[in-house]
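A.B. asks: My file is start.pdb. It has PDB, C-alpha atoms:
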ATOM      1  CA  MET A   1      22.308  31.312   2.463
ATOM      2  CA  GLU A   2      21.845  33.226  -0.736
ATOM      3  CA  GLN A   3      18.156  33.756  -1.424
ATOM      4  CA  ASP A   4      18.712  33.573  -5.176
ATOM      5  CA  HIS A   5      19.556  29.863  -4.872
ATOM      6  CA  LEU A   6      16.170  29.186  -3.296
ATOM      7  CA  SER A   7      14.464  31.228  -6.012
ATOM      8  CA  THR A   8      16.464  29.447  -8.734
ATOM      9  CA  PHE A   9      15.435  26.086  -7.289
ATOM     10  CA  GLU A  10      11.765  27.059  -7.008
ATOM     11  CA  ALA A  11      11.571  28.534 -10.516
ATOM     12  CA  GLY A  12      13.499  25.667 -12.086
ATOM     13  CA  LEU A  13      11.105  22.987 -10.859
ATOM     14  CA  ALA A  14       8.172  24.495 -12.765
ATOM     15  CA  GLY A  15       7.334  22.366 -15.784
ATOM     16  CA  ARG A  16       9.191  19.281 -14.557
ATOM     17  CA  TYR A  17       7.789  15.816 -14.008
ATOM     18  CA  CYS A  18       8.598  13.674 -10.989
ATOM     19  CA  SER A  19       9.484  10.023 -10.521
ATOM     20  CA  VAL A  20       9.469   8.433  -7.065
ATOM     21  CA  THR A  21      11.614   5.728  -5.474
ATOM     22  CA  ARG A  22      11.294   4.352  -1.943
ATOM     23  CA  ARG A  23      14.684   3.610  -0.448
ATOM     24  CA  GLU A  24      15.584   1.971   2.867
ATOM     25  CA  HIS A  25      15.663   5.135   4.998
ATOM     26  CA  ASP A  26      14.319   7.858   2.719
ATOM     27  CA  TRP A  27      12.364   8.712  -0.411
ATOM     28  CA  PHE A  28      13.940   9.875  -3.658
ATOM     29  CA  PHE A  29      12.099  12.190  -6.048
ATOM     30  CA  ASP A  30      13.796  12.583  -9.435
ATOM     31  CA  PHE A  31      12.896  15.551 -11.642
ATOM     32  CA  GLY A  32      15.171  14.677 -14.571
ATOM     33  CA  GLU A  33      18.392  16.169 -15.905
ATOM     34  CA  GLY A  34      20.137  15.761 -12.551
ATOM     35  CA  TRP A  35      17.476  17.572 -10.494
ATOM     36  CA  ARG A  36      16.506  15.503  -7.443
ATOM     37  CA  LEU A  37      15.043  15.626  -3.945
ATOM     38  CA  ARG A  38      15.905  13.224  -1.110
ATOM     39  CA  VAL A  39      13.388  13.248   1.768
ATOM     40  CA  ALA A  40      13.914  11.777   5.230
ATOM     41  CA  ALA A  41      11.279  13.972   6.908
ATOM     42  CA  SER A  42       7.512  13.569   6.933
ATOM     43  CA  TRP A  43       5.711  14.154   3.644
ATOM     44  CA  ARG A  44       2.287  13.768   2.119
ATOM     45  CA  ILE A  45       0.490  13.988  -1.193
ATOM     46  CA  VAL A  46      -2.766  15.944  -1.273
ATOM     47  CA  ALA A  47      -5.048  15.146  -4.215
ATOM     48  CA  ALA A  48      -8.680  16.057  -4.878
ATOM     49  CA  GLY A  49      -8.757  18.065  -1.652
ATOM     50  CA  ARG A  50      -7.724  15.176   0.628
ATOM     51  CA  ILE A  51      -4.577  13.513   1.927
ATOM     52  CA  ALA A  52      -4.107  10.738  -0.626
ATOM     53  CA  LEU A  53      -0.846   9.325   0.762
ATOM     54  CA  ALA A  54       1.762  10.052   3.420
ATOM     55  CA  GLY A  55       5.261   8.642   3.653
ATOM     56  CA  GLN A  56       4.379   6.817   6.853
ATOM     57  CA  ASP A  57       1.543   4.957   5.067
ATOM     58  CA  ASP A  58       4.013   2.775   3.141
ATOM     59  CA  GLY A  59       3.717  -0.853   4.272
ATOM     60  CA  GLN A  60       0.673  -0.209   6.481
ATOM     61  CA  ARG A  61      -2.493  -2.274   6.136
ATOM     62  CA  LEU A  62      -4.927   0.661   6.522
ATOM     63  CA  GLY A  63      -7.853  -1.759   6.335
ATOM     64  CA  LEU A  64      -6.612  -3.178   3.034
ATOM     65  CA  PRO A  65      -6.151  -6.908   2.316
ATOM     66  CA  THR A  66      -2.395  -6.344   1.790
ATOM     67  CA  PRO A  67       0.005  -3.656   3.029
ATOM     68  CA  LEU A  68      -0.029  -0.436   1.021
ATOM     69  CA  ASP A  69       2.742  -0.116  -1.570
ATOM     70  CA  GLY A  70       3.585   3.550  -0.959
ATOM     71  CA  GLU A  71       6.015   3.768  -3.851
ATOM     72  CA  ALA A  72       3.458   2.499  -6.382
ATOM     73  CA  ARG A  73       0.756   4.779  -4.963
ATOM     74  CA  ALA A  74       3.065   7.827  -5.019
ATOM     75  CA  ARG A  75       3.936   7.096  -8.639
ATOM     76  CA  GLU A  76       0.259   6.800  -9.507
ATOM     77  CA  LEU A  77      -0.434  10.172  -7.867
ATOM     78  CA  LEU A  78       2.556  12.126  -9.208
ATOM     79  CA  GLU A  79       4.321  10.723 -12.245
ATOM     80  CA  ALA A  80       1.986  11.871 -15.033
ATOM     81  CA  ARG A  81       1.651  15.360 -13.578
ATOM     82  CA  ARG A  82       3.783  18.415 -14.264
ATOM     83  CA  ILE A  83       4.912  20.775 -11.498
ATOM     84  CA  ALA A  84       3.257  24.197 -11.691
ATOM     85  CA  ALA A  85       4.941  25.810  -8.676
ATOM     86  CA  ALA A  86       7.442  25.097  -5.911
ATOM     87  CA  VAL A  87       7.755  27.007  -2.641
ATOM     88  CA  VAL A  88      10.289  26.599   0.160
ATOM     89  CA  ASP A  89       9.047  28.149   3.401
ATOM     90  CA  ARG A  90      11.801  30.540   4.503
ATOM     91  CA  GLN A  91      10.872  30.120   8.189
ATOM     92  CA  THR A  92      10.442  26.337   8.535
ATOM     93  CA  ALA A  93      12.196  24.884   5.447
ATOM     94  CA  ASP A  94       8.985  23.074   4.523
ATOM     95  CA  LEU A  95       8.713  22.343   0.806
ATOM     96  CA  ASP A  96       5.479  22.503  -1.178
ATOM     97  CA  LEU A  97       5.263  21.351  -4.807
ATOM     98  CA  THR A  98       1.981  22.063  -6.580
ATOM     99  CA  PHE A  99       1.225  20.161  -9.768
ATOM    100  CA  GLU A 100      -0.851  21.535 -12.654
ATOM    101  CA  ASP A 101      -3.990  19.643 -11.596
ATOM    102  CA  GLY A 102      -3.746  20.945  -8.011
ATOM    103  CA  THR A 103      -2.149  17.807  -6.550
ATOM    104  CA  LYS A 104       0.481  18.733  -3.952
ATOM    105  CA  LEU A 105       3.590  17.104  -2.572
ATOM    106  CA  GLN A 106       4.239  18.614   0.856
ATOM    107  CA  VAL A 107       7.443  17.977   2.816
ATOM    108  CA  PHE A 108       7.431  18.933   6.497
ATOM    109  CA  ASN A 109      10.773  19.691   8.076
ATOM    110  CA  ASP A 110       9.811  17.982  11.335
ATOM    111  CA  SER A 111      12.884  18.344  13.563
ATOM    112  CA  CYS A 112      14.736  21.084  15.380
ATOM    113  CA  GLY A 113      18.007  19.206  14.918
ATOM    114  CA  TYR A 114      17.900  16.766  11.987
ATOM    115  CA  GLU A 115      18.122  17.561   8.279
ATOM    116  CA  GLY A 116      14.771  16.730   6.710
ATOM    117  CA  TRP A 117      15.539  16.907   3.009
ATOM    118  CA  ASP A 118      18.105  17.897   0.446
ATOM    119  CA  ALA A 119      17.730  18.895  -3.181
ATOM    120  CA  ARG A 120      20.246  18.962  -6.016
ATOM    121  CA  PHE A 121      19.904  21.384  -8.934
ATOM    122  CA  PRO A 122      22.063  23.363 -11.378
ATOM    123  CA  ALA A 123      23.090  26.925 -10.454
ATOM    124  CA  ASP A 124      26.045  29.252 -10.927
ATOM    125  CA  GLY A 125      27.511  27.083 -13.691
ATOM    126  CA  GLY A 126      27.635  23.976 -11.506
ATOM    127  CA  TRP A 127      25.488  22.002  -9.095
ATOM    128  CA  MET A 128      24.060  23.209  -5.814
ATOM    129  CA  LEU A 129      22.643  21.350  -2.861
ATOM    130  CA  LEU A 130      19.885  22.863  -0.742
ATOM    131  CA  VAL A 131      19.492  21.270   2.672
ATOM    132  CA  GLY A 132      16.378  21.633   4.838
ATOM    133  CA  MET A 133      18.171  21.959   8.176
ATOM    134  CA  GLY A 134      16.783  21.135  11.592
ATOM    135  CA  GLY A 135      15.073  24.168  13.057
ATOM    136  CA  GLY A 136      14.006  25.555   9.688
ATOM    137  CA  GLU A 137      17.116  27.025   8.110
ATOM    138  CA  VAL A 138      17.929  26.180   4.491
ATOM    139  CA  ALA A 139      21.614  25.753   3.710
ATOM    140  CA  SER A 140      23.027  26.115   0.209
ATOM    141  CA  LEU A 141      26.353  24.612  -0.804
ATOM    142  CA  PRO A 142      28.124  23.449  -3.958
ATOM    143  CA  ASP A 143      27.498  19.793  -4.800
ATOM    144  CA  ASP A 144      30.622  18.088  -6.090
ATOM    145  CA  SER A 145      29.204  14.559  -5.892
ATOM    146  CA  GLN A 146      29.494  12.277  -8.871
ATOM    147  CA  LEU A 147      25.756  11.853  -9.431
ATOM    148  CA  GLU A 148      24.704  11.621 -13.054
ATOM    149  CA  ARG A 149      25.160  14.953 -14.807
ATOM    150  CA  PRO A 150      22.812  16.084 -17.565
ATOM    151  CA  THR A 151      24.150  15.671 -21.068
ATOM    152  CA  ARG A 152      24.314  18.826 -23.183
ATOM    153  CA  HIS A 153      23.676  18.485 -26.922
TER     154      HIS A 153
END
As structure tokens - that is how I would like this structure written.

C.D. replies:
Amino acid sequence: MEQDHLSTFEAGLAGRYCSVTRREHDWFFDFGEGWRLRVAASWRIVAAGRIALAGQDDGQRLGLPTPLDGEARARELLEARRIAAAVVDRQTADLDLTFEDGTKLQVFNDSCGYEGWDARFPADGGWMLLVGMGGGEVASLPDDSQLERPTRH
């Protein structure tokens, strides 16, 4: 895997905002202009020095009168914040996004065999897909899918 793709991905996330969608088997984080992250692994949001939400909290009662709406809570914690830095751990394929106010979105690649996440971003004149592989490797490959492409003006 070419290290420059990881660096391009990390650098390109800085300054972006994030929207969150809960899907049936994963979570979808959209950074605009075709940039996106699909997460099937464990993740959490750390805010004000504490774990404010984890993916597994969605739908749990947690002592509340109704089950927690994880998607709404994730949006509340992330959507008005801009990403300051992104780091992919080269040993474990964990992903750590730090927002300007210190809030963090942390993705833990939690399997030795299953892909935990994948991210789509522009590179080399096209689109690339980074995949957090089981065991900690990060694979990089061209993405020829027909997902919405950014419009150039």

A.B. asks: Could you tell me how far atom CA of Leu68 of chain A sits from atom CA of Leu97 of chain A, in Å to one decimal place?

C.D. replies: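 That distance, rounded to one decimal, is 23.2 Å.
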
A.B. asks: For the structure shown, which residues end up in the PyMOL selection byres ((chain A and resi 17-24) around 10)? Put them as a VMD selection string, please?

C.D. replies: chain A and resid 13 to 16 25 to 32 35 to 40 55 58 69 to 76 78 to 84 99

A.B. asks: Mind giving me the straight-line distance from atom CA of Phe108 of chain A to atom CA of Asp143 of chain A in Å, one decimal?

C.D. replies: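 Rounded to one decimal, the two atoms are 23.0 Å apart.
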
A.B. asks: Taking the file above as input, evaluate the PyMOL selection byres ((chain A and resi 142) around 10) and report the hits as a list in words.

C.D. replies: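 Expected selection for the PyMOL selection byres ((chain A and resi 142) around 10) here is Arg120, Phe121, Pro122, Ala123, Asp124, Gly126, Trp127, Met128, Leu129, Leu130, Ser140, Leu141, Asp143, Asp144 and Ser145 of chain A.
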
A.B. asks: Please evaluate the PyMOL selection byres ((chain A and resi 134) around 8) against the structure above and give the resulting residues as a list in words.

C.D. replies: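 What the PyMOL selection byres ((chain A and resi 134) around 8) grabs from the file is Asn109, Asp110, Ser111, Cys112, Gly113, Tyr114, Glu115, Gly116, Gly132, Met133, Gly135, Gly136 and Glu137 of chain A.
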
A.B. asks: One decimal, in Å: what's the spacing between atom CA of Gly12 of chain A and atom CA of Ile51 of chain A?

C.D. replies: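 Going from atom CA of Gly12 of chain A over to atom CA of Ile51 of chain A covers 25.9 Å.
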
A.B. asks: Counting only C-alpha atoms, what is within 8 Å of Glu10 of chain A, bar same-chain residues fewer than 2 positions away, as number ranges by chain?

C.D. replies: A: 6-8, 12-14, 85-88

A.B. asks: Go through A:Gly34, A:Ala119, A:Leu77, A:Gly63 and flag the residue nearest Leu105 of chain A, using all atoms listed in the file for the distances.

C.D. replies: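 Between A:Gly34, A:Ala119, A:Leu77, A:Gly63, the residue approaching Leu105 of chain A most closely is A:Leu77.
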
A.B. asks: Could you add whatever atoms are missing so that segment 72-96 of chain A carries N, CA and C atoms, then write the result as an mmCIF file, in the coordinates of the input?

C.D. replies:
data_model
loop_
_atom_site.group_PDB
_atom_site.id
_atom_site.type_symbol
_atom_site.label_atom_id
_atom_site.label_comp_id
_atom_site.auth_asym_id
_atom_site.auth_seq_id
_atom_site.Cartn_x
_atom_site.Cartn_y
_atom_site.Cartn_z
ATOM 1 N N ALA A 72 4.372 2.629 -5.239
ATOM 2 C CA ALA A 72 3.458 2.499 -6.382
ATOM 3 C C ALA A 72 2.355 3.552 -6.311
ATOM 4 N N ARG A 73 1.825 3.785 -5.116
ATOM 5 C CA ARG A 73 0.756 4.779 -4.963
ATOM 6 C C ARG A 73 1.285 6.188 -5.241
ATOM 7 N N ALA A 74 2.473 6.510 -4.762
ATOM 8 C CA ALA A 74 3.065 7.827 -5.019
ATOM 9 C C ALA A 74 3.283 8.027 -6.515
ATOM 10 N N ARG A 75 3.746 6.997 -7.182
ATOM 11 C CA ARG A 75 3.936 7.096 -8.639
ATOM 12 C C ARG A 75 2.608 7.355 -9.338
ATOM 13 N N GLU A 76 1.595 6.624 -8.920
ATOM 14 C CA GLU A 76 0.259 6.800 -9.507
ATOM 15 C C GLU A 76 -0.227 8.240 -9.333
ATOM 16 N N LEU A 77 0.043 8.820 -8.174
ATOM 17 C CA LEU A 77 -0.434 10.172 -7.867
ATOM 18 C C LEU A 77 0.395 11.284 -8.493
ATOM 19 N N LEU A 78 1.678 11.031 -8.777
ATOM 20 C CA LEU A 78 2.556 12.126 -9.208
ATOM 21 C C LEU A 78 3.139 12.019 -10.608
ATOM 22 N N GLU A 79 3.448 10.835 -11.080
ATOM 23 C CA GLU A 79 4.321 10.723 -12.245
ATOM 24 C C GLU A 79 3.777 11.267 -13.555
ATOM 25 N N ALA A 80 2.510 11.340 -13.770
ATOM 26 C CA ALA A 80 1.986 11.871 -15.033
ATOM 27 C C ALA A 80 1.645 13.358 -14.923
ATOM 28 N N ARG A 81 2.010 13.964 -13.816
ATOM 29 C CA ARG A 81 1.651 15.360 -13.578
ATOM 30 C C ARG A 81 2.884 16.252 -13.646
ATOM 31 N N ARG A 82 2.688 17.464 -14.149
ATOM 32 C CA ARG A 82 3.783 18.415 -14.264
ATOM 33 C C ARG A 82 3.696 19.442 -13.138
ATOM 34 N N ILE A 83 4.851 19.808 -12.595
ATOM 35 C CA ILE A 83 4.912 20.775 -11.498
ATOM 36 C C ILE A 83 4.561 22.166 -12.020
ATOM 37 N N ALA A 84 3.644 22.827 -11.348
ATOM 38 C CA ALA A 84 3.257 24.197 -11.691
ATOM 39 C C ALA A 84 4.022 25.208 -10.845
ATOM 40 N N ALA A 85 4.271 24.869 -9.580
ATOM 41 C CA ALA A 85 4.941 25.810 -8.676
ATOM 42 C C ALA A 85 5.623 25.060 -7.547
ATOM 43 N N ALA A 86 6.716 25.638 -7.064
ATOM 44 C CA ALA A 86 7.442 25.097 -5.911
ATOM 45 C C ALA A 86 7.714 26.241 -4.950
ATOM 46 N N VAL A 87 7.512 25.982 -3.660
ATOM 47 C CA VAL A 87 7.755 27.007 -2.641
ATOM 48 C C VAL A 87 8.471 26.370 -1.461
ATOM 49 N N VAL A 88 9.591 26.985 -1.065
ATOM 50 C CA VAL A 88 10.289 26.599 0.160
ATOM 51 C C VAL A 88 9.944 27.647 1.204
ATOM 52 N N ASP A 89 9.382 27.224 2.321
ATOM 53 C CA ASP A 89 9.047 28.149 3.401
ATOM 54 C C ASP A 89 10.338 28.652 4.038
ATOM 55 N N ARG A 90 10.555 29.944 4.008
ATOM 56 C CA ARG A 90 11.801 30.540 4.503
ATOM 57 C C ARG A 90 11.917 30.491 6.027
ATOM 58 N N GLN A 91 10.843 30.190 6.726
ATOM 59 C CA GLN A 91 10.872 30.120 8.189
ATOM 60 C C GLN A 91 11.060 28.689 8.695
ATOM 61 N N THR A 92 10.440 27.713 8.028
ATOM 62 C CA THR A 92 10.442 26.337 8.535
ATOM 63 C C THR A 92 11.208 25.350 7.659
ATOM 64 N N ALA A 93 11.559 25.753 6.442
ATOM 65 C CA ALA A 93 12.196 24.884 5.447
ATOM 66 C C ALA A 93 11.250 23.788 4.959
ATOM 67 N N ASP A 94 9.950 23.979 5.133
ATOM 68 C CA ASP A 94 8.985 23.074 4.523
ATOM 69 C C ASP A 94 9.018 23.301 3.020
ATOM 70 N N LEU A 95 8.690 22.270 2.268
ATOM 71 C CA LEU A 95 8.713 22.343 0.806
ATOM 72 C C LEU A 95 7.347 21.945 0.285
ATOM 73 N N ASP A 96 6.810 22.744 -0.629
ATOM 74 C CA ASP A 96 5.479 22.503 -1.178
ATOM 75 C C ASP A 96 5.560 22.555 -2.698
#
